[in-house]
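Structure first, commentary second.
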Amino acid sequence: MRLDPQAALALGLLRLCLAQVNFAPHFFDNGVGSTNGNMALFSLPEDTPVGSHVYTLNGTDPEGDPVSYHISFDPSSRSVFSVDPNFGNITLVEELDREREDEIEAIISISDSLNLVAEKVVILVTDANDEAPRFIQEPYTVHVPEDTPPGSSILKVHAVDKDTGSGGSVTYFLQISRTLSSPPPNPSPEEGLSTLHPHKNMQSTKFAMDRHSGVLRLRPGTTLDYEKARAHFVTVVAKGSEVLTVAAMDGDRGKPNHILYSLMSESDGAFEINETSGTISITQSPAQLQREVYELHVQVTEVSSAGSPAAQAIVPVTIRIVNLNNHPPTFYGESGPQNRFELSMYEHPPQGEILRGLKITVNDSDQGANAKFNLRLVGPGGIFRVVPQTILNEAQVTIIVENSAAIDFEKFKVLTFKLLAIEVNTPEKFSSTADVVIQLLDTNDNVPKFTSQYYIARIPENVPGGSNVLAVTAVDPDTGPWGEVKYSIYGSGADLFLIHPSTGIVYTQPWASLDAEATARYNFYVKAEDMEGRYSLAEVFVTLLDVNDHYPQFGKSIQEKTMVLGTSVKIEATDQDAEEPNNLVDYSIIRVEPANVFDINAHTGEIRLKNSICSLEALHNITPSGVYTWSLEVQATDRGSPSFSTTASLKIDITDTEMLSRSPMDAFLMQTKDNPMKAVGVLAGIMAIIVAITVLVSTATYWRNRKSNKVLPVRRVLRKRPSPAPGTVHIKWLKFNRTKAAAKFVLQEDAPNENCNNHSQGSPPPPRAPAPPPPPGMAPSTAAAPWTVPTVSGSLTPPQPQHLPKPKALGSPMQSALVSELRQKFEKNNVASKAYF
């Protein structure tokens, strides 16, 4: 599958990041007693000569790059060692003195020029018998009465040897001294030391020294005499590392020969004897003694005056080592002594859990204080703790989880610690170590995490369906199936997009058609989920880049406008593209008839007459026909790439202000000629006002009638008619003065004849109008009963019969019938109108 450039760039950056990962170098840990590695638990005797090569730093880089070594010290301490940066050889450059500094702290480091790893180490300085005993106070002066009893203690001296162990033990003895009759004026140490040379072979026998306690006593059987000797000068020698003194005497009492001492048996080089004094001394540290009992044979040889050996004698000497500290602490497993213990466990165990898979016992076979030692873990701090921490002789070792969060498979596949057991109160500080190796097993304890909290993509709006948009990446540090990530997409803006569940590539739907003009930006969420439902989210923002895919559009293809001299007309086209410059339009005139007298602003679309055209006369000179209507073809072009254009026809009527000032209606028509919709709007507004007024009047009338009891009944005024003379009945019709139609019809009744008609004999009767209808609501009555007619308020003048013209006879009976019918309808209308008054 061919990736788009953006996806290929993302993958390339990921490979570059992985390629640039450089792992740090590290030291080798070769354990106690090794002379190369990381100086863990390294010790050095204090009598090591300056300039000696004492250790070699050794490490490696995972990428195989060359490494360099460095060592540094606290600014307040001495720089005891130096290191060769290329080979790691450490050289002693300062003298060591355990009595002044028994531990040296240093920082060693290894570097591959990109990464530097530093470790803090402690170098133990072991003791050597390099210190002479020193008296606490000297010279010692004591006043002793001359009558002091023999055997009495006179003085106790004390000397201190700063060495430890047997090297720090002190023994005391007396050297030869001389007796003076009177003390020197100013006794000095030199004079005291001069007693080492006997005077006249005389030895002082009055005093004795306890070689262990340093107590000076007066010998038994001796006395002091002030008159004979007022002062006695005694030289006490304090000496270390002596075990015992063998004394031999020559049997010859007169002139005894000189005696020499020597050791006959093999003492493993642990002891030596002074050939003249017979003093046996230890030659090495007690920690190096391998036996509790040593059987020695001392040979004494008599040397004759001629210098040749004479008689010899051999005496056995037994030396028993008491409270010997010769066993370091030792770690044991289930099958015996063991210095490596391994265990497999899952990451993030509960806090306080005991590592039950480890069966460790530690033991020191010495006795008493020599069997007391401390136990601690050496390695990454704060993860585990060990109990007990102080042990006497033997104990079961328990390791407890201290920090569960730090036991993380993704950080450490293997955890390595050292169990260190070191003696507490012994000068030798014996110690031993055991490696504890913990193989961690993975669990699903991590949530997939995206490399970024949000992603931004920009794509052209005309990309085809199924095109790649971007690639998102989430990482789950867990291994195996727990580390597999499945991607999904959701959100309101995700309808047009899909995501590959394995690769995280986001692409458009196959049917998707993107349009920046409709929606320019989309945002949605992507989810990374592992097999157990742990997930994380990231937000995606997709911006569509506008493409010039729309033509400029005029409102109408043919437009008509009126231009007043001195003013301009404006054309306008719109481009539906979303962004500039695709939606910016420029205008131009392509063709003009009958002549080009216009200029156009390319940006605004305003069209004006050229500056040379100032009046209609100038136009008349151009067009003698007197027609002031021009036809133009204008073009609108966008600024996109590629560019699109649209043309339209435009008619312009040119006039001046005098023609527009003839009447308000003319002005209005001229103003609305270019915009007919304006006139339509004005008319629609006038009609709306008329309708609103009509509705208001109708509503007011309706509510007024409701307040006056709605529809009132017909009101009638009944008036009694005077009784007419017998045999004479006159009926008169009244009319309203303002009614013109009623004047045409005048009703005149003659006195009835005996035949109840108005016709004379011998002549045909004229046509008569039908009788008026009876008054409403009135019951019929007999001729003798009085009757009334409805009347209305108003001014009614009955016509005088003598002045009324006689009606002309109608030409035919049909015409008379029509006239009668019309008069009857008119009267009905009048009666109906009277009911409302």
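Residue numbers start at 1 in each chain; chains themselves are named A, B, ... in the order of the structure tokens; ligands are numbered from 1 in the order shown.
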field: Residue contacts of range 472-481 of chain A (9 Å, only C-alpha atoms) excluding same-chain residues fewer than 4 positions away, as a PyMOL selection string
entry: chain A and resi 10+409-410+442-452+455+485+487+503-506+526+528+530-531+536+538
message: From the options A:Ala618, A:Ala405, A:Val424, A:Ala636, which residue's atoms come nearest to Ser588 in chain A, counting only C-alpha atoms?
response: A:Ala636
statement: Restricting to only C-alpha atoms, whichever of A:Asp586, A:Glu532, A:Glu94, A:Asp408 is closest to Gln439 in chain A is A:Asp408
query: Which residues, written as a list in words, have at least one atom at most 10 Å from Tyr332 in chain A, with only C-alpha atoms counted and residues fewer than 4 positions away on the same chain left out?
result: Gly336, Pro337, Gln338, Asn339, Arg340, Phe341, Lys359, Ile360, Thr361, Val362, Asn363, Gln396, Val397 and Ala434 of chain A
task: Write out as a list in words all residues of range 96-155 of chain A that backbone DSSP assigns to strand (DSSP E).
output: Glu103, Ile104, Glu105, Ala106, Ile107, Ile108, Ser109, Ile110, Ser111, Leu116, Val117, Ala118, Glu119, Lys120, Val121, Val122, Ile123, Leu124, Val125, Thr126, Arg134, Phe135, Ser153, Ile154 and Leu155 of chain A
- prompt: So which residues of range 548-697 of chain A fall under helix (DSSP H, G or I) by DSSP, listed as a ChimeraX atom specification?
  reply: /A:616-622,657-660,664-673,676-697
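Taking CA of Gly466 in chain A and CA of Phe644 in chain A as endpoints, the distance between them is 28.2 Å.
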